[in-house]
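Data block for start_3.cif (mmCIF, C-alpha atoms):
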```cif
data_start
loop_
_atom_site.group_PDB
_atom_site.id
_atom_site.type_symbol
_atom_site.label_atom_id
_atom_site.label_comp_id
_atom_site.auth_asym_id
_atom_site.auth_seq_id
_atom_site.Cartn_x
_atom_site.Cartn_y
_atom_site.Cartn_z
ATOM 1 C CA ALA A 1 -1.111 -30.756 -3.280
ATOM 2 C CA THR A 2 -1.310 -27.522 -1.334
ATOM 3 C CA SER A 3 -4.561 -26.648 0.404
ATOM 4 C CA TYR A 4 -5.658 -23.023 0.439
ATOM 5 C CA ARG A 5 -8.228 -21.267 2.589
ATOM 6 C CA ASN A 6 -10.248 -18.075 2.657
ATOM 7 C CA VAL A 7 -8.521 -15.454 4.793
ATOM 8 C CA TRP A 8 -9.236 -12.463 6.978
ATOM 9 C CA GLY A 9 -7.392 -9.211 6.660
ATOM 10 C CA ALA A 10 -7.477 -5.717 8.069
ATOM 11 C CA GLY A 11 -5.902 -2.423 7.217
ATOM 12 C CA ALA A 12 -5.866 1.211 8.188
ATOM 13 C CA GLY A 13 -4.199 4.339 6.965
ATOM 14 C CA ALA A 14 -3.910 8.068 7.273
ATOM 15 C CA SER A 15 -2.903 10.865 4.944
ATOM 16 C CA LEU A 16 -2.120 14.543 5.223
ATOM 17 C CA ARG A 17 -2.247 17.161 2.469
ATOM 18 C CA VAL A 18 1.021 19.072 2.850
ATOM 19 C CA ASN A 19 0.094 21.660 0.242
ATOM 20 C CA ASP A 20 -2.009 21.908 -2.900
ATOM 21 C CA GLY A 21 0.228 19.471 -4.797
ATOM 22 C CA VAL A 22 1.704 17.096 -2.195
ATOM 23 C CA THR A 23 0.023 14.499 0.027
ATOM 24 C CA ILE A 24 1.844 12.122 2.397
ATOM 25 C CA GLY A 25 0.462 9.043 4.053
ATOM 26 C CA ALA A 26 1.019 5.706 5.727
ATOM 27 C CA ASP A 27 -0.956 2.451 5.682
ATOM 28 C CA TYR A 28 -0.833 -0.702 7.803
ATOM 29 C CA ASP A 29 -2.072 -4.074 6.499
ATOM 30 C CA TRP A 30 -2.463 -7.466 8.196
ATOM 31 C CA GLN A 31 -3.652 -10.672 6.554
ATOM 32 C CA GLN A 32 -3.881 -14.340 7.449
ATOM 33 C CA SER A 33 -1.887 -16.718 5.303
ATOM 34 C CA SER A 34 -3.851 -18.481 2.580
ATOM 35 C CA SER A 35 -1.850 -21.655 3.324
ATOM 36 C CA PHE A 36 -2.624 -23.690 6.418
ATOM 37 C CA GLY A 37 0.164 -23.732 9.001
ATOM 38 C CA GLU A 38 1.788 -20.501 7.838
ATOM 39 C CA GLY A 39 1.879 -17.228 9.761
ATOM 40 C CA PRO A 40 0.169 -13.971 8.799
ATOM 41 C CA SER A 41 1.642 -11.064 6.881
ATOM 42 C CA SER A 42 1.976 -7.690 8.589
ATOM 43 C CA GLU A 43 3.395 -4.632 6.861
ATOM 44 C CA VAL A 44 3.489 -0.851 6.816
ATOM 45 C CA THR A 45 3.743 1.373 3.744
ATOM 46 C CA ALA A 46 4.702 5.062 3.632
ATOM 47 C CA TRP A 47 3.955 7.073 0.509
ATOM 48 C CA THR A 48 4.071 10.527 -1.021
ATOM 49 C CA SER A 49 1.843 11.685 -3.861
ATOM 50 C CA PHE A 50 2.808 14.627 -6.099
ATOM 51 C CA ARG A 51 0.450 16.440 -8.460
ATOM 52 C CA LEU A 52 2.453 17.004 -11.638
ATOM 53 C CA THR A 53 -0.369 18.551 -13.667
ATOM 54 C CA ARG A 54 -4.123 18.895 -13.234
ATOM 55 C CA ARG A 55 -4.563 15.347 -14.565
ATOM 56 C CA VAL A 56 -1.272 13.612 -13.749
ATOM 57 C CA ARG A 57 -0.086 12.430 -10.324
ATOM 58 C CA MET A 58 3.029 10.536 -9.319
ATOM 59 C CA GLN A 59 3.263 8.438 -6.160
ATOM 60 C CA VAL A 60 6.401 6.988 -4.573
ATOM 61 C CA TYR A 61 6.194 4.449 -1.778
ATOM 62 C CA GLY A 62 8.256 2.224 0.472
ATOM 63 C CA SER A 63 7.094 -0.717 2.540
ATOM 64 C CA THR A 64 8.527 -3.039 5.173
ATOM 65 C CA GLY A 65 7.180 -6.176 6.808
ATOM 66 C CA PHE A 66 7.099 -7.328 10.412
ATOM 67 C CA THR A 67 6.687 -11.103 9.967
ATOM 68 C CA THR A 68 8.511 -13.837 8.075
ATOM 69 C CA ASN A 69 5.627 -13.975 5.574
ATOM 70 C CA SER A 70 5.984 -10.276 4.732
ATOM 71 C CA ALA A 71 8.440 -8.702 2.331
ATOM 72 C CA ASP A 72 11.568 -7.338 4.020
ATOM 73 C CA PHE A 73 11.360 -4.227 1.849
ATOM 74 C CA ALA A 74 9.423 -3.080 -1.199
ATOM 75 C CA GLY A 75 9.266 0.202 -3.018
ATOM 76 C CA GLY A 76 7.989 1.689 -6.185
ATOM 77 C CA LEU A 77 6.637 4.524 -8.235
ATOM 78 C CA SER A 78 3.302 4.878 -9.986
ATOM 79 C CA VAL A 79 1.920 7.498 -12.343
ATOM 80 C CA SER A 80 -1.803 8.044 -12.766
ATOM 81 C CA TYR A 81 -3.772 9.998 -15.330
ATOM 82 C CA ARG A 82 -7.259 11.292 -14.587
ATOM 83 C CA PHE A 83 -9.628 11.382 -17.572
#
```

Structure re-expressed in structure tokens:
Amino acid sequence: ATSYRNVWGAGAGASLRVNDGVTIGADYDWQQSSSFGEGPSSEVTAWTSFRLTRRVRMQVYGSTGFTTNSADFAGGLSVSYRF
């Protein structure tokens, strides 16, 4: 059986509004492994958010990790609707 533990994590980020419809940003996250004997995860994510309409935004992002317990690369797209 695998033993798990409570973990500590930390993160920070910054963003900049380029214009009325575009915001760019970057975030850094670090977290202990939940499994004993494993190393932490450490990764950075860069993103851009576009306002498509007054209520709809689209965000694209890419991420890379710095440790063996982090993803080599991740990316994606999300769309949000504000009620």

Using all atoms listed in the file, which residues sit within 8 Å of Val7 of chain A once same-chain residues fewer than 6 positions away are excluded, as a PyMOL selection string? chain A and resi 31-34

Return as a list in words the set of residues that the PyMOL selection byres ((chain A and resi 44) around 6) yields on the displayed structure. Asp27, Tyr28, Glu43, Thr45, Ser63 and Thr64 of chain A

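The residue set within 8 Å of Gly65 of chain A, counting all atoms listed in the file and dropping same-chain residues fewer than 6 places from it, reads Ser41, Ser42, Glu43, Val44, Ala71, Asp72 and Phe73 of chain A.
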
Apply the PyMOL selection byres ((chain A and resi 50) around 8) to the displayed file and report the matching residues as an NGL selection string. :A and (21-23 or 48-49 or 51-52 or 57-59)

Within 7 Å of (-1.8, 10.2, 7.1), all atoms listed in the file: residues as a PyMOL selection string? chain A and resi 13-16+24-26

State, in Å with one decimal place, the distance from atom CA of Thr2 of chain A to atom CA of Pro40 of chain A. 17.0 Å

Hits from the PyMOL selection byres ((chain A and resi 3) around 9), listed as a VMD selection string: chain A and resid 1 to 2 4 to 5 34 to 36

Once you have the residues from the selection above, write them out as a CSV table (one decimal), in the frame of the given file, restricted to C-alpha atoms.
```csv
chain,number,residue,atom,x,y,z
A,1,ALA,CA,-1.1,-30.8,-3.3
A,2,THR,CA,-1.3,-27.5,-1.3
A,4,TYR,CA,-5.7,-23.0,0.4
A,5,ARG,CA,-8.2,-21.3,2.6
A,34,SER,CA,-3.9,-18.5,2.6
A,35,SER,CA,-1.8,-21.7,3.3
A,36,PHE,CA,-2.6,-23.7,6.4
```

Counting only C-alpha atoms, what is within 8 Å of Val60 of chain A, bar same-chain residues fewer than 5 positions away, as a PyMOL selection string? chain A and resi 47-49+75-78

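Note that atom CA of Val79 of chain A and atom CA of Asp29 of chain A are 22.5 Å apart.
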
With 8 Å added on each side, what axis-aligned box encloses every listed atom of segment 69-78 of chain A? Give the centre and edge lengths in Å to one decimal, as JSON.
```
{"center_x": 7.4, "center_y": -4.5, "center_z": -2.2, "size_x": 24.3, "size_y": 34.9, "size_z": 31.6}
```

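Note that atom CA of Ser80 of chain A and atom CA of Ala12 of chain A are 22.4 Å apart.
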
Pick from A:Val56, A:Phe83, A:Trp30, A:Ala46: nearest to Asn69 of chain A, with all atoms listed in the file counted? A:Trp30

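Checking A:Thr68, A:Tyr81, A:Trp8, A:Gly37 one by one against Thr53 of chain A, counting all atoms listed in the file, you find the shortest gap at A:Tyr81.
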
Starting from the incomplete input, reconstruct all heavy atoms of segment 69-80 of chain A and report them as a PDB file, in the coordinates of the input.
```pdb
ATOM      1  N   ASN A  69       6.424 -13.863   6.798  1.00  0.00           N
ATOM      2  CA  ASN A  69       5.627 -13.975   5.574  1.00  0.00           C
ATOM      3  C   ASN A  69       5.379 -12.625   4.907  1.00  0.00           C
ATOM      4  O   ASN A  69       4.546 -12.522   4.018  1.00  0.00           O
ATOM      5  CB  ASN A  69       4.292 -14.667   5.868  1.00  0.00           C
ATOM      6  CG  ASN A  69       4.472 -16.150   6.051  1.00  0.00           C
ATOM      7  OD1 ASN A  69       5.495 -16.707   5.688  1.00  0.00           O
ATOM      8  ND2 ASN A  69       3.492 -16.799   6.636  1.00  0.00           N
ATOM      9  N   SER A  70       6.077 -11.606   5.339  1.00  0.00           N
ATOM     10  CA  SER A  70       5.984 -10.276   4.732  1.00  0.00           C
ATOM     11  C   SER A  70       7.296  -9.975   4.015  1.00  0.00           C
ATOM     12  O   SER A  70       8.347 -10.500   4.376  1.00  0.00           O
ATOM     13  CB  SER A  70       5.763  -9.211   5.812  1.00  0.00           C
ATOM     14  OG  SER A  70       4.596  -9.451   6.544  1.00  0.00           O
ATOM     15  N   ALA A  71       7.227  -9.126   3.023  1.00  0.00           N
ATOM     16  CA  ALA A  71       8.440  -8.702   2.331  1.00  0.00           C
ATOM     17  C   ALA A  71       9.337  -7.921   3.292  1.00  0.00           C
ATOM     18  O   ALA A  71       8.837  -7.158   4.124  1.00  0.00           O
ATOM     19  CB  ALA A  71       8.087  -7.829   1.139  1.00  0.00           C
ATOM     20  N   ASP A  72      10.640  -8.117   3.200  1.00  0.00           N
ATOM     21  CA  ASP A  72      11.568  -7.338   4.020  1.00  0.00           C
ATOM     22  C   ASP A  72      11.490  -5.869   3.651  1.00  0.00           C
ATOM     23  O   ASP A  72      11.471  -4.995   4.512  1.00  0.00           O
ATOM     24  CB  ASP A  72      13.008  -7.823   3.836  1.00  0.00           C
ATOM     25  CG  ASP A  72      13.230  -9.203   4.418  1.00  0.00           C
ATOM     26  OD1 ASP A  72      12.476  -9.581   5.344  1.00  0.00           O
ATOM     27  OD2 ASP A  72      14.146  -9.888   3.944  1.00  0.00           O
ATOM     28  N   PHE A  73      11.459  -5.596   2.340  1.00  0.00           N
ATOM     29  CA  PHE A  73      11.360  -4.227   1.849  1.00  0.00           C
ATOM     30  C   PHE A  73      10.759  -4.250   0.452  1.00  0.00           C
ATOM     31  O   PHE A  73      11.023  -5.150  -0.329  1.00  0.00           O
ATOM     32  CB  PHE A  73      12.736  -3.549   1.797  1.00  0.00           C
ATOM     33  CG  PHE A  73      12.679  -2.157   1.236  1.00  0.00           C
ATOM     34  CD1 PHE A  73      12.225  -1.103   2.010  1.00  0.00           C
ATOM     35  CD2 PHE A  73      13.034  -1.916  -0.074  1.00  0.00           C
ATOM     36  CE1 PHE A  73      12.133   0.183   1.487  1.00  0.00           C
ATOM     37  CE2 PHE A  73      12.953  -0.644  -0.608  1.00  0.00           C
ATOM     38  CZ  PHE A  73      12.502   0.408   0.182  1.00  0.00           C
ATOM     39  N   ALA A  74       9.964  -3.273   0.152  1.00  0.00           N
ATOM     40  CA  ALA A  74       9.423  -3.080  -1.199  1.00  0.00           C
ATOM     41  C   ALA A  74       9.333  -1.583  -1.449  1.00  0.00           C
ATOM     42  O   ALA A  74       9.225  -0.795  -0.509  1.00  0.00           O
ATOM     43  CB  ALA A  74       8.043  -3.722  -1.328  1.00  0.00           C
ATOM     44  N   GLY A  75       9.390  -1.197  -2.673  1.00  0.00           N
ATOM     45  CA  GLY A  75       9.266   0.202  -3.018  1.00  0.00           C
ATOM     46  C   GLY A  75       8.849   0.331  -4.460  1.00  0.00           C
ATOM     47  O   GLY A  75       8.921  -0.629  -5.226  1.00  0.00           O
ATOM     48  N   GLY A  76       8.384   1.509  -4.805  1.00  0.00           N
ATOM     49  CA  GLY A  76       7.989   1.689  -6.185  1.00  0.00           C
ATOM     50  C   GLY A  76       7.525   3.091  -6.491  1.00  0.00           C
ATOM     51  O   GLY A  76       7.544   3.983  -5.640  1.00  0.00           O
ATOM     52  N   LEU A  77       7.100   3.247  -7.711  1.00  0.00           N
ATOM     53  CA  LEU A  77       6.637   4.524  -8.235  1.00  0.00           C
ATOM     54  C   LEU A  77       5.469   4.226  -9.163  1.00  0.00           C
ATOM     55  O   LEU A  77       5.504   3.268  -9.923  1.00  0.00           O
ATOM     56  CB  LEU A  77       7.772   5.186  -9.022  1.00  0.00           C
ATOM     57  CG  LEU A  77       7.417   6.466  -9.718  1.00  0.00           C
ATOM     58  CD1 LEU A  77       8.425   7.537  -9.345  1.00  0.00           C
ATOM     59  CD2 LEU A  77       7.425   6.251 -11.213  1.00  0.00           C
ATOM     60  N   SER A  78       4.425   5.029  -9.051  1.00  0.00           N
ATOM     61  CA  SER A  78       3.302   4.878  -9.986  1.00  0.00           C
ATOM     62  C   SER A  78       2.919   6.268 -10.502  1.00  0.00           C
ATOM     63  O   SER A  78       3.099   7.274  -9.824  1.00  0.00           O
ATOM     64  CB  SER A  78       2.108   4.208  -9.322  1.00  0.00           C
ATOM     65  OG  SER A  78       1.584   5.030  -8.291  1.00  0.00           O
ATOM     66  N   VAL A  79       2.405   6.272 -11.720  1.00  0.00           N
ATOM     67  CA  VAL A  79       1.920   7.498 -12.343  1.00  0.00           C
ATOM     68  C   VAL A  79       0.477   7.249 -12.747  1.00  0.00           C
ATOM     69  O   VAL A  79       0.156   6.215 -13.325  1.00  0.00           O
ATOM     70  CB  VAL A  79       2.769   7.875 -13.576  1.00  0.00           C
ATOM     71  CG1 VAL A  79       2.202   9.094 -14.275  1.00  0.00           C
ATOM     72  CG2 VAL A  79       4.213   8.109 -13.170  1.00  0.00           C
ATOM     73  N   SER A  80      -0.391   8.192 -12.408  1.00  0.00           N
ATOM     74  CA  SER A  80      -1.803   8.044 -12.766  1.00  0.00           C
ATOM     75  C   SER A  80      -2.252   9.236 -13.592  1.00  0.00           C
ATOM     76  O   SER A  80      -1.756  10.358 -13.422  1.00  0.00           O
ATOM     77  CB  SER A  80      -2.672   7.902 -11.518  1.00  0.00           C
ATOM     78  OG  SER A  80      -2.589   9.043 -10.710  1.00  0.00           O
TER      79      SER A  80
END
```
